[in-house]
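*Asks:* Below is data-v7.pdb; it holds PDB, C-alpha atoms.
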MODEL        1
ATOM      1  CA  MET A   1       0.000   0.000   0.000  1.00  0.00           C
ATOM      2  CA  SER A   2       1.645   3.243  -1.100  1.00  0.00           C
ATOM      3  CA  ALA A   3       1.457   6.466   0.914  1.00  0.00           C
ATOM      4  CA  LYS A   4      -0.758   8.041  -1.749  1.00  0.00           C
ATOM      5  CA  GLU A   5      -3.420   5.331  -1.462  1.00  0.00           C
ATOM      6  CA  SER A   6      -3.143   4.970   2.323  1.00  0.00           C
ATOM      7  CA  PRO A   7      -6.189   6.020   4.286  1.00  0.00           C
ATOM      8  CA  ASP A   8      -5.551   8.296   7.237  1.00  0.00           C
ATOM      9  CA  TYR A   9      -5.411   6.651  10.658  1.00  0.00           C
ATOM     10  CA  TYR A  10      -8.975   7.595  11.539  1.00  0.00           C
ATOM     11  CA  GLN A  11     -10.357   6.115   8.318  1.00  0.00           C
ATOM     12  CA  LEU A  12      -8.211   3.004   8.711  1.00  0.00           C
ATOM     13  CA  LEU A  13      -9.576   2.289  12.190  1.00  0.00           C
ATOM     14  CA  GLY A  14     -13.072   3.488  11.303  1.00  0.00           C
ATOM     15  CA  ILE A  15     -13.267   6.171  13.988  1.00  0.00           C
ATOM     16  CA  ILE A  16     -14.027   9.875  14.149  1.00  0.00           C
ATOM     17  CA  ARG A  17     -11.279  12.445  14.794  1.00  0.00           C
ATOM     18  CA  THR A  18     -12.592  13.188  18.277  1.00  0.00           C
ATOM     19  CA  ALA A  19     -12.451   9.529  19.352  1.00  0.00           C
ATOM     20  CA  ASN A  20     -11.219   8.960  22.886  1.00  0.00           C
ATOM     21  CA  ALA A  21      -8.657   6.366  24.011  1.00  0.00           C
ATOM     22  CA  ASP A  22     -11.276   3.685  24.745  1.00  0.00           C
ATOM     23  CA  GLN A  23     -12.840   4.122  21.303  1.00  0.00           C
ATOM     24  CA  ILE A  24      -9.405   3.901  19.664  1.00  0.00           C
ATOM     25  CA  ARG A  25      -8.542   0.709  21.575  1.00  0.00           C
ATOM     26  CA  SER A  26     -11.880  -0.858  20.732  1.00  0.00           C
ATOM     27  CA  ALA A  27     -11.558   0.026  17.037  1.00  0.00           C
ATOM     28  CA  PHE A  28      -8.023  -1.365  16.872  1.00  0.00           C
ATOM     29  CA  HIS A  29      -9.047  -4.650  18.516  1.00  0.00           C
ATOM     30  CA  ARG A  30     -11.964  -4.966  16.087  1.00  0.00           C
ATOM     31  CA  PHE A  31      -9.550  -4.287  13.210  1.00  0.00           C
ATOM     32  CA  ALA A  32      -7.035  -6.823  14.566  1.00  0.00           C
ATOM     33  CA  ARG A  33      -9.631  -9.595  14.800  1.00  0.00           C
ATOM     34  CA  LYS A  34     -10.420  -9.108  11.122  1.00  0.00           C
ATOM     35  CA  HIS A  35      -6.969  -8.357   9.653  1.00  0.00           C
ATOM     36  CA  HIS A  36      -4.351 -10.074  11.839  1.00  0.00           C
ATOM     37  CA  PRO A  37      -1.868 -11.888   9.538  1.00  0.00           C
ATOM     38  CA  ASP A  38      -2.260 -15.136  11.503  1.00  0.00           C
ATOM     39  CA  ASN A  39      -5.782 -15.394  10.077  1.00  0.00           C
ATOM     40  CA  PHE A  40      -4.284 -15.852   6.594  1.00  0.00           C
ATOM     41  CA  VAL A  41      -1.610 -18.507   7.132  1.00  0.00           C
ATOM     42  CA  GLY A  42      -2.896 -20.656   4.246  1.00  0.00           C
ATOM     43  CA  SER A  43      -2.549 -17.858   1.689  1.00  0.00           C
ATOM     44  CA  PRO A  44       0.934 -16.265   1.538  1.00  0.00           C
ATOM     45  CA  GLU A  45      -0.207 -13.356  -0.697  1.00  0.00           C
ATOM     46  CA  GLU A  46      -3.124 -12.517   1.584  1.00  0.00           C
ATOM     47  CA  ALA A  47      -0.928 -12.908   4.670  1.00  0.00           C
ATOM     48  CA  GLU A  48       1.603 -10.454   3.228  1.00  0.00           C
ATOM     49  CA  ARG A  49      -1.096  -7.914   2.323  1.00  0.00           C
ATOM     50  CA  HIS A  50      -2.683  -8.187   5.759  1.00  0.00           C
ATOM     51  CA  THR A  51       0.724  -7.940   7.454  1.00  0.00           C
ATOM     52  CA  ASP A  52       1.254  -4.542   5.807  1.00  0.00           C
ATOM     53  CA  LEU A  53      -2.275  -3.465   6.680  1.00  0.00           C
ATOM     54  CA  TYR A  54      -1.926  -4.663  10.274  1.00  0.00           C
ATOM     55  CA  GLN A  55       1.404  -2.826  10.679  1.00  0.00           C
ATOM     56  CA  HIS A  56      -0.226   0.356   9.370  1.00  0.00           C
ATOM     57  CA  ALA A  57      -3.089  -0.047  11.865  1.00  0.00           C
ATOM     58  CA  SER A  58      -0.627  -0.733  14.707  1.00  0.00           C
ATOM     59  CA  GLU A  59       1.158   2.494  13.796  1.00  0.00           C
ATOM     60  CA  ALA A  60      -2.190   4.316  13.830  1.00  0.00           C
ATOM     61  CA  TYR A  61      -3.009   2.851  17.237  1.00  0.00           C
ATOM     62  CA  ARG A  62       0.340   3.923  18.755  1.00  0.00           C
ATOM     63  CA  VAL A  63       0.172   7.433  17.317  1.00  0.00           C
ATOM     64  CA  LEU A  64      -3.466   8.133  18.170  1.00  0.00           C
ATOM     65  CA  LEU A  65      -3.077   6.979  21.772  1.00  0.00           C
ATOM     66  CA  ASP A  66      -0.081   9.269  22.390  1.00  0.00           C
ATOM     67  CA  PRO A  67      -1.398  12.846  22.874  1.00  0.00           C
ATOM     68  CA  THR A  68       1.781  14.515  21.587  1.00  0.00           C
ATOM     69  CA  LYS A  69       2.100  12.289  18.520  1.00  0.00           C
ATOM     70  CA  ARG A  70      -1.624  12.616  17.842  1.00  0.00           C
ATOM     71  CA  LYS A  71      -1.411  16.423  17.920  1.00  0.00           C
ATOM     72  CA  LEU A  72       1.526  16.373  15.484  1.00  0.00           C
ATOM     73  CA  TYR A  73      -0.270  13.815  13.315  1.00  0.00           C
ATOM     74  CA  ASP A  74      -3.437  15.935  13.206  1.00  0.00           C
ATOM     75  CA  GLU A  75      -1.385  18.996  12.224  1.00  0.00           C
ATOM     76  CA  GLY A  76       0.232  16.961   9.428  1.00  0.00           C
ATOM     77  CA  LEU A  77      -3.139  15.622   8.351  1.00  0.00           C
ATOM     78  CA  GLU A  78      -4.335  19.204   7.867  1.00  0.00           C
ATOM     79  CA  ARG A  79      -1.502  19.547   5.327  1.00  0.00           C
ATOM     80  CA  GLY A  80      -2.416  16.268   3.616  1.00  0.00           C
ATOM     81  CA  VAL A  81       0.171  14.024   5.304  1.00  0.00           C
ATOM     82  CA  VAL A  82      -1.541  10.725   6.155  1.00  0.00           C
ATOM     83  CA  ARG A  83       1.375   8.871   7.810  1.00  0.00           C
ATOM     84  CA  TYR A  84       3.167   9.863  11.007  1.00  0.00           C
ATOM     85  CA  SER A  85       6.938  10.195  10.750  1.00  0.00           C
ATOM     86  CA  GLU A  86       9.293  10.445  13.737  1.00  0.00           C
ATOM     87  CA  ASP A  87      11.717  12.439  11.589  1.00  0.00           C
ATOM     88  CA  ARG A  88       9.024  14.905  10.555  1.00  0.00           C
ATOM     89  CA  ALA A  89       7.796  15.119  14.161  1.00  0.00           C
ATOM     90  CA  LYS A  90      11.315  15.888  15.406  1.00  0.00           C
ATOM     91  CA  GLU A  91      11.695  18.582  12.738  1.00  0.00           C
ATOM     92  CA  THR A  92       8.319  20.074  13.675  1.00  0.00           C
ATOM     93  CA  ARG A  93       9.231  20.134  17.369  1.00  0.00           C
ATOM     94  CA  ARG A  94      12.653  21.610  16.562  1.00  0.00           C
ATOM     95  CA  THR A  95      11.146  24.549  14.679  1.00  0.00           C
ATOM     96  CA  MET A  96       7.919  25.084  16.618  1.00  0.00           C
ATOM     97  CA  ARG A  97       6.557  28.589  16.553  1.00  0.00           C
ATOM     98  CA  PRO A  98       5.444  29.786  19.973  1.00  0.00           C
ATOM     99  CA  PRO A  99       3.077  32.749  20.313  1.00  0.00           C
ATOM    100  CA  GLY A 100       4.642  35.676  18.491  1.00  0.00           C
ATOM    101  CA  GLY A 101       5.684  33.672  15.443  1.00  0.00           C
ATOM    102  CA  VAL A 102       9.427  33.343  16.102  1.00  0.00           C
ATOM    103  CA  VAL A 103      11.034  30.059  15.021  1.00  0.00           C
ATOM    104  CA  LEU A 104      12.963  28.549  17.916  1.00  0.00           C
ATOM    105  CA  ARG A 105      15.077  25.390  18.123  1.00  0.00           C
ATOM    106  CA  SER A 106      15.835  25.444  21.843  1.00  0.00           C
ATOM    107  CA  SER A 107      13.134  24.482  24.338  1.00  0.00           C
ATOM    108  CA  LYS A 108      14.697  26.844  26.901  1.00  0.00           C
ATOM    109  CA  ALA A 109      14.604  29.730  24.443  1.00  0.00           C
ATOM    110  CA  ARG A 110      10.965  28.844  23.739  1.00  0.00           C
ATOM    111  CA  VAL A 111      10.106  29.119  27.458  1.00  0.00           C
ATOM    112  CA  PHE A 112      11.750  32.515  27.811  1.00  0.00           C
ATOM    113  CA  PHE A 113      10.285  33.808  24.570  1.00  0.00           C
ATOM    114  CA  THR A 114       6.784  32.728  25.612  1.00  0.00           C
ATOM    115  CA  ARG A 115       7.239  34.675  28.858  1.00  0.00           C
ATOM    116  CA  ALA A 116       8.537  37.663  26.916  1.00  0.00           C
ATOM    117  CA  HIS A 117       5.569  37.497  24.564  1.00  0.00           C
ATOM    118  CA  ARG A 118       3.154  37.518  27.526  1.00  0.00           C
ATOM    119  CA  ALA A 119       5.005  40.491  29.029  1.00  0.00           C
ATOM    120  CA  MET A 120       4.844  42.321  25.692  1.00  0.00           C
ATOM    121  CA  LYS A 121       1.087  41.798  25.497  1.00  0.00           C
ATOM    122  CA  ALA A 122       0.796  43.193  29.037  1.00  0.00           C
ATOM    123  CA  GLU A 123       3.130  46.062  28.025  1.00  0.00           C
ATOM    124  CA  ASP A 124       5.565  45.076  30.769  1.00  0.00           C
ATOM    125  CA  TRP A 125       8.592  46.129  28.720  1.00  0.00           C
ATOM    126  CA  PRO A 126      11.304  45.550  31.366  1.00  0.00           C
ATOM    127  CA  GLN A 127      10.078  41.971  31.914  1.00  0.00           C
ATOM    128  CA  ALA A 128       9.853  41.427  28.136  1.00  0.00           C
ATOM    129  CA  LYS A 129      13.431  42.711  27.744  1.00  0.00           C
ATOM    130  CA  LEU A 130      14.746  40.403  30.478  1.00  0.00           C
ATOM    131  CA  ASN A 131      13.055  37.304  29.035  1.00  0.00           C
ATOM    132  CA  LEU A 132      14.164  38.100  25.489  1.00  0.00           C
ATOM    133  CA  GLN A 133      17.750  38.457  26.714  1.00  0.00           C
ATOM    134  CA  MET A 134      17.451  35.033  28.385  1.00  0.00           C
ATOM    135  CA  ALA A 135      16.021  33.547  25.188  1.00  0.00           C
ATOM    136  CA  ILE A 136      18.911  35.020  23.204  1.00  0.00           C
ATOM    137  CA  GLN A 137      21.417  33.466  25.638  1.00  0.00           C
ATOM    138  CA  ASN A 138      19.901  30.075  24.787  1.00  0.00           C
ATOM    139  CA  GLU A 139      19.778  30.781  21.064  1.00  0.00           C
ATOM    140  CA  PRO A 140      22.382  33.471  20.301  1.00  0.00           C
ATOM    141  CA  ASP A 141      22.222  33.117  16.512  1.00  0.00           C
ATOM    142  CA  ASN A 142      18.486  33.822  16.243  1.00  0.00           C
ATOM    143  CA  VAL A 143      17.973  37.086  14.353  1.00  0.00           C
ATOM    144  CA  GLU A 144      14.217  37.026  15.007  1.00  0.00           C
ATOM    145  CA  LEU A 145      14.847  37.151  18.762  1.00  0.00           C
ATOM    146  CA  GLU A 146      17.288  40.021  18.234  1.00  0.00           C
ATOM    147  CA  ALA A 147      14.636  41.890  16.238  1.00  0.00           C
ATOM    148  CA  LYS A 148      12.035  41.379  18.985  1.00  0.00           C
ATOM    149  CA  LEU A 149      14.502  42.650  21.574  1.00  0.00           C
ATOM    150  CA  GLU A 150      15.150  45.723  19.428  1.00  0.00           C
ATOM    151  CA  GLU A 151      11.372  46.359  19.276  1.00  0.00           C
ATOM    152  CA  VAL A 152      11.150  46.144  23.068  1.00  0.00           C
ATOM    153  CA  LEU A 153      14.145  48.460  23.538  1.00  0.00           C
ATOM    154  CA  GLN A 154      12.469  51.005  21.255  1.00  0.00           C
ATOM    155  CA  ARG A 155       9.286  50.775  23.353  1.00  0.00           C
ATOM    156  CA  ILE A 156      11.280  51.321  26.542  1.00  0.00           C
ATOM    157  CA  LYS A 157      13.065  54.316  24.985  1.00  0.00           C
ATOM    158  CA  SER A 158       9.847  55.939  23.742  1.00  0.00           C
ATOM    159  CA  GLY A 159       7.823  55.147  26.879  1.00  0.00           C
TER     160      GLY A 159
ENDMDL
END
What do you get writing this file as structure tokens?

*Replies:*
Amino acid sequence: MSAKESPDYYQLLGIIRTANADQIRSAFHRFARKHHPDNFVGSPEEAERHTDLYQHASEAYRVLLDPTKRKLYDEGLERGVVRYSEDRAKETRRTMRPPGGVVLRSSKARVFFTRAHRAMKAEDWPQAKLNLQMAIQNEPDNVELEAKLEEVLQRIKSG
């Protein structure tokens, strides 16, 4: 089954996108009873086809039961990506955009930038400056952080 013809995980398991963990488990067990490769021992071609299908469903089960993977999967699904990829998930996490739209690689920089963003919304410019400086210490090569800090410094100067 190629990626282009693969159904998304929800379609594969026959569940709705808002399905809870119990519904996902139940759907997977129903799927497994019907498609487990051991049911097709007498037919090697059928066994091979059902092995691929079962592995795809197992992947769906693991991803949909993990809240973080499910969130990343759902975001990918919105862009037309029907299979979860650890590599793609790592890349997404590495370049997540926190509030304020700045691309950050470091989780520590992300924490400080999120605090700075909140302070900026509250017009607490000294706090925003401090948190941006901390974010920059964790990601010194980030020109977007530098630009945000420059904006805050201008606000402090004019205020």

*Asks:* If you apply the PyMOL selection byres ((chain A and resi 139) around 8) to this file, what residues do you get, as an MDAnalysis selection string?

*Replies:* chainID A and resid 104:106 109 135:138 140:142

*Asks:* For CA of Ala116 in chain A and CA of Leu130 in chain A, determine how far apart the two atoms are, in Å to one decimal place.

*Replies:* 7.7 Å

*Asks:* I'd like the residues picked by the PyMOL selection byres ((chain A and resi 114) around 10) written out as a ChimeraX atom specification, using the chain letters and numbers from the file.

*Replies:* /A:97-100,102,108-113,115-120,128,131-132,135

*Asks:* Record the distance separating CA of Leu12 in chain A and CA of His56 in chain A, expressed in Å with one decimal.

*Replies:*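 Computed distance, CA of Leu12 in chain A to CA of His56 in chain A, equals 8.4 Å.
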
*Asks:* Hey, can you check how far CA of Tyr84 in chain A sits from CA of Arg62 in chain A?

*Replies:* 10.2 Å

*Asks:* Show me as an mmCIF file with C-alpha atoms, keeping the file's coordinate frame the residues that reach within 12 Å of (-0.8, 7.9, 16.2), counting only C-alpha atoms and using the file's own coordinates.

*Replies:*
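Contents of the output file out38.cif:
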data_model
loop_
_atom_site.group_PDB
_atom_site.id
_atom_site.type_symbol
_atom_site.label_atom_id
_atom_site.label_comp_id
_atom_site.auth_asym_id
_atom_site.auth_seq_id
_atom_site.Cartn_x
_atom_site.Cartn_y
_atom_site.Cartn_z
ATOM 1 C CA ASP A 8 -5.551 8.296 7.237
ATOM 2 C CA TYR A 9 -5.411 6.651 10.658
ATOM 3 C CA TYR A 10 -8.975 7.595 11.539
ATOM 4 C CA LEU A 12 -8.211 3.004 8.711
ATOM 5 C CA LEU A 13 -9.576 2.289 12.190
ATOM 6 C CA ARG A 17 -11.279 12.445 14.794
ATOM 7 C CA ALA A 21 -8.657 6.366 24.011
ATOM 8 C CA ILE A 24 -9.405 3.901 19.664
ATOM 9 C CA ARG A 25 -8.542 0.709 21.575
ATOM 10 C CA PHE A 28 -8.023 -1.365 16.872
ATOM 11 C CA HIS A 56 -0.226 0.356 9.370
ATOM 12 C CA ALA A 57 -3.089 -0.047 11.865
ATOM 13 C CA SER A 58 -0.627 -0.733 14.707
ATOM 14 C CA GLU A 59 1.158 2.494 13.796
ATOM 15 C CA ALA A 60 -2.190 4.316 13.830
ATOM 16 C CA TYR A 61 -3.009 2.851 17.237
ATOM 17 C CA ARG A 62 0.340 3.923 18.755
ATOM 18 C CA VAL A 63 0.172 7.433 17.317
ATOM 19 C CA LEU A 64 -3.466 8.133 18.170
ATOM 20 C CA LEU A 65 -3.077 6.979 21.772
ATOM 21 C CA ASP A 66 -0.081 9.269 22.390
ATOM 22 C CA PRO A 67 -1.398 12.846 22.874
ATOM 23 C CA THR A 68 1.781 14.515 21.587
ATOM 24 C CA LYS A 69 2.100 12.289 18.520
ATOM 25 C CA ARG A 70 -1.624 12.616 17.842
ATOM 26 C CA LYS A 71 -1.411 16.423 17.920
ATOM 27 C CA LEU A 72 1.526 16.373 15.484
ATOM 28 C CA TYR A 73 -0.270 13.815 13.315
ATOM 29 C CA ASP A 74 -3.437 15.935 13.206
ATOM 30 C CA GLU A 75 -1.385 18.996 12.224
ATOM 31 C CA GLY A 76 0.232 16.961 9.428
ATOM 32 C CA LEU A 77 -3.139 15.622 8.351
ATOM 33 C CA VAL A 82 -1.541 10.725 6.155
ATOM 34 C CA ARG A 83 1.375 8.871 7.810
ATOM 35 C CA TYR A 84 3.167 9.863 11.007
ATOM 36 C CA SER A 85 6.938 10.195 10.750
ATOM 37 C CA GLU A 86 9.293 10.445 13.737
ATOM 38 C CA ALA A 89 7.796 15.119 14.161
#

*Asks:* Could the centre and edge lengths of an axis-aligned box, enclosing all atoms of range 61-67 of chain A in the file with 8 Å extra on each side, be given in Å to one decimal as JSON?

*Replies:*
{"center_x": -1.6, "center_y": 7.8, "center_z": 20.1, "size_x": 19.8, "size_y": 26.0, "size_z": 21.6}

*Asks:* Which is closer to Arg33 in chain A than all the others in A:Val152, A:Ile16, A:Tyr54, A:Met134, using only C-alpha atoms?

*Replies:*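 The shortest atom-to-atom distance to Arg33 in chain A comes from A:Tyr54.
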
*Asks:* Would you mind putting N, CA and C atoms back on range 119-146 of chain A and writing the result as a compact mmCIF listing (two decimals), in the coordinates of the input?

*Replies:*
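Result file out13.txt:
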# COMPACT_ATOMS: atom_id res chain seq x y z
N ALA A 119 4.65 39.18 28.47
CA ALA A 119 5.00 40.49 29.03
C ALA A 119 4.77 41.60 28.00
N MET A 120 5.06 41.32 26.74
CA MET A 120 4.84 42.32 25.69
C MET A 120 3.35 42.62 25.54
N LYS A 121 2.53 41.58 25.60
CA LYS A 121 1.09 41.80 25.50
C LYS A 121 0.58 42.63 26.67
N ALA A 122 1.19 42.43 27.84
CA ALA A 122 0.80 43.19 29.04
C ALA A 122 1.51 44.55 29.11
N GLU A 123 2.33 44.83 28.10
CA GLU A 123 3.13 46.06 28.02
C GLU A 123 4.06 46.22 29.22
N ASP A 124 4.56 45.10 29.70
CA ASP A 124 5.56 45.08 30.77
C ASP A 124 6.92 44.96 30.07
N TRP A 125 7.41 46.10 29.57
CA TRP A 125 8.59 46.13 28.72
C TRP A 125 9.87 45.67 29.43
N PRO A 126 10.09 46.06 30.70
CA PRO A 126 11.30 45.55 31.37
C PRO A 126 11.32 44.01 31.49
N GLN A 127 10.17 43.43 31.81
CA GLN A 127 10.08 41.97 31.91
C GLN A 127 10.27 41.32 30.54
N ALA A 128 9.69 41.93 29.50
CA ALA A 128 9.85 41.43 28.14
C ALA A 128 11.33 41.46 27.74
N LYS A 129 12.01 42.57 28.06
CA LYS A 129 13.43 42.71 27.74
C LYS A 129 14.25 41.61 28.42
N LEU A 130 14.01 41.41 29.72
CA LEU A 130 14.75 40.40 30.48
C LEU A 130 14.56 39.01 29.88
N ASN A 131 13.32 38.64 29.58
CA ASN A 131 13.06 37.30 29.04
C ASN A 131 13.60 37.14 27.62
N LEU A 132 13.56 38.19 26.83
CA LEU A 132 14.16 38.10 25.49
C LEU A 132 15.67 37.92 25.59
N GLN A 133 16.31 38.62 26.53
CA GLN A 133 17.75 38.46 26.71
C GLN A 133 18.08 37.02 27.12
N MET A 134 17.24 36.42 27.97
CA MET A 134 17.45 35.03 28.38
C MET A 134 17.25 34.09 27.19
N ALA A 135 16.26 34.37 26.38
CA ALA A 135 16.02 33.55 25.19
C ALA A 135 17.22 33.62 24.24
N ILE A 136 17.76 34.82 24.08
CA ILE A 136 18.91 35.02 23.20
C ILE A 136 20.15 34.29 23.75
N GLN A 137 20.30 34.22 25.06
CA GLN A 137 21.42 33.47 25.64
C GLN A 137 21.32 31.99 25.26
N ASN A 138 20.09 31.48 25.14
CA ASN A 138 19.90 30.08 24.79
C ASN A 138 19.92 29.83 23.29
N GLU A 139 19.76 30.89 22.52
CA GLU A 139 19.78 30.78 21.06
C GLU A 139 20.41 32.05 20.48
N PRO A 140 21.72 32.22 20.65
CA PRO A 140 22.38 33.47 20.30
C PRO A 140 22.39 33.82 18.81
N ASP A 141 22.17 32.85 17.95
CA ASP A 141 22.22 33.12 16.51
C ASP A 141 20.85 33.43 15.91
N ASN A 142 19.85 33.62 16.74
CA ASN A 142 18.49 33.82 16.24
C ASN A 142 18.21 35.31 15.99
N VAL A 143 18.17 35.68 14.71
CA VAL A 143 17.97 37.09 14.35
C VAL A 143 16.55 37.56 14.67
N GLU A 144 15.59 36.64 14.67
CA GLU A 144 14.22 37.03 15.01
C GLU A 144 14.12 37.46 16.47
N LEU A 145 14.83 36.76 17.34
CA LEU A 145 14.85 37.15 18.76
C LEU A 145 15.50 38.52 18.91
N GLU A 146 16.60 38.72 18.19
CA GLU A 146 17.29 40.02 18.23
C GLU A 146 16.35 41.15 17.79
